[in-house]
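Input: a single structure, listed below in structure tokens.
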Amino acid sequence: MRVKLEILSLVLGFIGLVGTVAVTALPTWKVSAFIGANLIVMEELWEGLWMNCYRQADINMQCKVYDSLLILPPELQAARGLMCVSIILVVIALFITGCGIKRSNCCSDNMKSKNITLALGGSLYLLSCLTTLIPVSWVGHSIILNFYNPTLLDAQKRELGKALFIGWATSGVLLIAGIIALIRFCQRRSKEEQPYNETYLMTETAVKQEDSVDLKRTPSSFYKQQEYV
């Protein structure tokens, strides 16, 4: 059962990797809001980290890569960098966690090294969860603020896109993967220290028994010496 938890952490990490790549690539971070005067549902605009797409009825979707990073709002500029960092962190976490499971041949049979490796992989999962959650939540917060901003035109307002919801779900998966890896680290660490604790208790008990024997022998030897005198 405990080995299955380690494998589950790897599976969740792989799902998190697919999710981070999908969120980074999808252009549906911001989508057109059909409110007020902007009720032409036949036209739709998508905005992502790398391109924007424009779709009309009976016409194929046309996508265009941004000409410059500087034309993006600050939240999308930060999201582009953080999501790339998330992908790198998840890849490294997957590799390290795979080396830390019991069935791997990495670190041979040195369980202490495997435990440290597993803890490092779990920590990277948690860090990748933050680097995924922060940009997605930042962009979502910006969309909500602009949506209720009365100074903006209805055509300039956007709604939450599918990529944001996938990003929130992906950050949750990475969080669970990191927690499982750290729980297994704690379990293996306590199991590793158990023999040393048992040896310490046995040694301490033996010392106490020897001390008690010495205390029992001391009075008798004293009385014998008195009788001899």
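The chains in the structure tokens are called A, B, ... from first to last as shown; in each chain the residues are counted from 1, and the ligands are counted from 1 in the order shown.
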
Compile the contact shell of Leu175 in chain A as a VMD selection string: residues with an atom at most 7 Å away, counting only C-alpha atoms, same-chain residues fewer than 5 positions apart removed.
-> chain A and resid 125 to 126 129

Could you tell me, as a ChimeraX atom specification, which residues of range 17-205 of chain A DSSP assigns to strand (DSSP E) when given the backbone?
-> /A:30-32,43-47,51-56,62-65,158-160

Could you give me, as a ChimeraX atom specification, the residues within 6 Å of Trp29 in chain A, counting only C-alpha atoms and dropping anything in the same chain fewer than 3 positions from it?
-> /A:47-48,161,163-164

Might you pull out every residue within 12 Å of Leu145 in chain A, with only C-alpha atoms counted and same-chain residues fewer than 6 positions away left off, and present them as a list in words?
->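 Near neighbours after the sequence-gap exclusion: Trp138, Val139, Thr151, Leu152, Lys157, Arg158, Glu159 and Leu160 of chain A.
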
Surrounding residues of Thr170 in chain A excluding itself and chain neighbours under 4 positions, 12 Å, only C-alpha atoms, as JSON, numbers by chain | {"A": [12, 13, 14, 15, 16, 17, 18, 19, 20, 21, 22, 23, 24, 83, 86, 87, 90, 125, 126, 128, 129, 130, 131, 132, 133, 136, 163, 164, 165, 166, 174, 175, 176, 177]}

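When only C-alpha atoms are used to compute distances to Ser113 in chain A, the closest of the residues A:Ile183, A:Gly140, A:Ser32, A:Arg188 turns out to be A:Arg188.
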
Surrounding residues of Arg184 in chain A excluding itself and chain neighbours under 3 positions, 8 Å, only C-alpha atoms, as a ChimeraX atom specification | /A:2,5-6,180-181,187-188

Provide the CA of Lys114 in chain A to CA of Ile101 in chain A distance in Å, to one decimal place.
->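 So the answer is 6.9 Å.
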
Enter the distance from CA of Leu82 in chain A to CA of Leu69 in chain A, in Å, rounded to one decimal.
-> 14.3 Å

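Each of A:Asn60, A:Phe185, A:Ala25, A:Tyr148 was checked against Val3 in chain A using only C-alpha atoms; the smallest atom-to-atom distance is that of A:Phe185.
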